[in-house]
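Dropping data_27.cif in here (mmCIF, C-alpha atoms and all ligand atoms):
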data_protein
loop_
_atom_site.label_atom_id
_atom_site.label_comp_id
_atom_site.auth_asym_id
_atom_site.auth_seq_id
_atom_site.Cartn_x
_atom_site.Cartn_y
_atom_site.Cartn_z
CA MET A 227 0.00 0.00 0.00
CA GLU A 228 1.35 3.36 -0.98
CA ASN A 229 0.84 6.44 1.13
CA PRO A 230 0.90 9.48 -1.16
CA ASP A 231 1.70 11.69 1.84
CA LEU A 232 4.86 9.76 2.46
CA CYS A 233 7.58 11.30 0.39
CA CYS A 234 11.05 12.69 0.85
CA PRO A 235 10.72 16.22 2.29
CA LEU A 236 13.85 17.28 0.45
CA CYS A 237 13.07 16.16 -3.10
CA ALA A 238 9.43 14.96 -2.91
CA LEU A 239 10.33 11.47 -4.13
CA VAL A 240 7.52 9.10 -3.11
CA HIS A 241 8.43 6.49 -0.50
CA THR A 242 7.13 3.22 -1.92
CA THR A 243 6.64 -0.15 -0.26
CA ALA A 244 9.75 -1.39 -2.07
CA ASP A 245 11.73 1.46 -0.54
CA ALA A 246 10.40 0.58 2.91
CA GLN A 247 11.82 -2.93 2.54
CA GLY A 248 15.17 -1.67 1.35
CA LEU A 249 17.78 0.19 3.32
CA ALA A 250 18.29 3.14 1.00
CA TRP A 251 15.92 5.45 2.82
CA SER A 252 16.73 6.72 6.28
CA SER A 253 14.25 7.57 9.00
CA GLN A 254 14.30 10.66 11.13
CA HIS A 255 12.32 10.48 14.35
CA GLU A 256 10.54 13.69 15.18
CA PRO A 257 9.94 14.99 18.73
CA ASP A 258 6.20 14.32 18.31
CA GLY A 259 6.84 10.62 17.64
CA SER A 260 6.27 10.70 13.91
CA VAL A 261 8.87 9.47 11.47
CA THR A 262 10.12 11.41 8.47
CA TRP A 263 11.60 9.31 5.66
CA ILE A 264 14.47 10.67 3.62
CA CYS A 265 15.37 9.08 0.29
CA GLY A 266 18.74 7.46 -0.32
CA THR A 267 20.03 10.24 -2.54
CA CYS A 268 19.21 12.95 0.00
CA THR A 269 20.51 10.76 2.84
CA ARG A 270 23.91 10.55 1.12
CA ALA A 271 23.86 14.27 0.41
CA GLN A 272 23.00 15.10 4.02
CA LEU A 273 25.24 12.49 5.63
CA TRP A 274 27.35 15.18 7.27
CA ARG A 275 24.27 16.44 9.10
CA ILE A 276 23.47 12.93 10.36
CA GLU A 277 27.05 12.50 11.55
CA ALA A 278 26.88 15.89 13.26
CA GLY A 279 23.64 14.90 15.01
CA LEU A 280 21.64 17.59 13.25
CA ALA A 281 18.13 17.24 11.89
CA VAL A 282 18.33 16.38 8.20
CA ALA A 283 14.97 17.74 7.14
CA THR A 284 11.78 19.18 8.47
CA PRO A 285 8.73 16.88 8.21
CA VAL A 286 7.06 19.38 5.92
CA GLY A 287 8.38 22.01 3.59
CA PRO A 288 9.34 25.43 4.87
CA ALA A 289 6.47 27.65 5.95
CA ALA A 290 5.25 30.14 3.42
CA ALA A 291 7.03 33.45 3.62
CA GLU A 292 5.17 36.09 5.52
CA ARG A 293 3.26 38.37 3.22
CA LEU A 294 4.68 41.85 3.01
CA ARG A 295 2.68 44.38 4.94
CA PRO A 296 1.39 47.22 2.79
CA ALA A 297 3.07 50.53 3.54
CA ALA A 298 1.03 52.66 5.91
ZN ZN A 301 15.12 12.94 -1.39
#

Let me see the file written as structure tokens.
Amino acid sequence: MENPDLCCPLCALVHTTADAQGLAWSSQHEPDGSVTWICGTCTRAQLWRIEAGLAVATPVGPAAAERLRPAA
């Protein structure tokens, strides 16, 4: 079963059942208990962050930029 919401937050590649059985993807455990999956390509690219103990990605994309306030 494929969950369309489950995709790499860095490149939007969909995490398929086949990927779940393989070891290419890495999991990042969020403070709220959810798990963010990061594809193999992005995992390799962000390996330095993993080794440094930093978060690799946010579970969702960056928040929309704040709209500019009209000049008073
Ligand atoms: Zn990716």

Put the listed atoms of segment 238-242 of chain A in a box along x, y and z with 6 Å added on every side and give me the centre and edge lengths in Å to one decimal, as lines of an AutoDock Vina configuration file.
center_x = 8.7
center_y = 9.1
center_z = -2.3
size_x = 15.2
size_y = 23.7
size_z = 15.6

Enumerate, in order of chain and increasing residue number, the residues of chain A with an atom no farther than 9 Å from ligand ZN 301 (chain A), each with its shortest atom pair and distance in Å to one decimal, counting only C-alpha atoms and all ligand atoms, as JSON lines.
{"residue": "A:Cys233", "atom": "CA", "partner": "A:ZN301", "partner_atom": "ZN", "distance": 7.9}
{"residue": "A:Cys234", "atom": "CA", "partner": "A:ZN301", "partner_atom": "ZN", "distance": 4.7}
{"residue": "A:Pro235", "atom": "CA", "partner": "A:ZN301", "partner_atom": "ZN", "distance": 6.6}
{"residue": "A:Leu236", "atom": "CA", "partner": "A:ZN301", "partner_atom": "ZN", "distance": 4.9}
{"residue": "A:Cys237", "atom": "CA", "partner": "A:ZN301", "partner_atom": "ZN", "distance": 4.2}
{"residue": "A:Ala238", "atom": "CA", "partner": "A:ZN301", "partner_atom": "ZN", "distance": 6.2}
{"residue": "A:Leu239", "atom": "CA", "partner": "A:ZN301", "partner_atom": "ZN", "distance": 5.7}
{"residue": "A:Val240", "atom": "CA", "partner": "A:ZN301", "partner_atom": "ZN", "distance": 8.7}
{"residue": "A:Trp251", "atom": "CA", "partner": "A:ZN301", "partner_atom": "ZN", "distance": 8.6}
{"residue": "A:Trp263", "atom": "CA", "partner": "A:ZN301", "partner_atom": "ZN", "distance": 8.7}
{"residue": "A:Ile264", "atom": "CA", "partner": "A:ZN301", "partner_atom": "ZN", "distance": 5.5}
{"residue": "A:Cys265", "atom": "CA", "partner": "A:ZN301", "partner_atom": "ZN", "distance": 4.2}
{"residue": "A:Gly266", "atom": "CA", "partner": "A:ZN301", "partner_atom": "ZN", "distance": 6.7}
{"residue": "A:Thr267", "atom": "CA", "partner": "A:ZN301", "partner_atom": "ZN", "distance": 5.7}
{"residue": "A:Cys268", "atom": "CA", "partner": "A:ZN301", "partner_atom": "ZN", "distance": 4.3}
{"residue": "A:Thr269", "atom": "CA", "partner": "A:ZN301", "partner_atom": "ZN", "distance": 7.2}

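Neighbouring residues of Val261 of chain A at 10 Å or closer, counting only C-alpha atoms and skipping chain neighbours under 5 positions away, are Leu232, Ser252, Ser253, Gln254, His255, Glu256 and Pro285 of chain A.
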
> In Å, with one decimal, what is the gap from atom CA of Thr243 of chain A to atom CA of Arg275 of chain A?
Replying inline: 26.0 Å

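Counting from atom CA of His241 of chain A, the distance to atom CA of Gln272 of chain A is 17.5 Å.
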
> In Å to one decimal, how far is atom CA of Gly279 of chain A from atom CA of Gly248 of chain A?
Replying inline: 23.1 Å
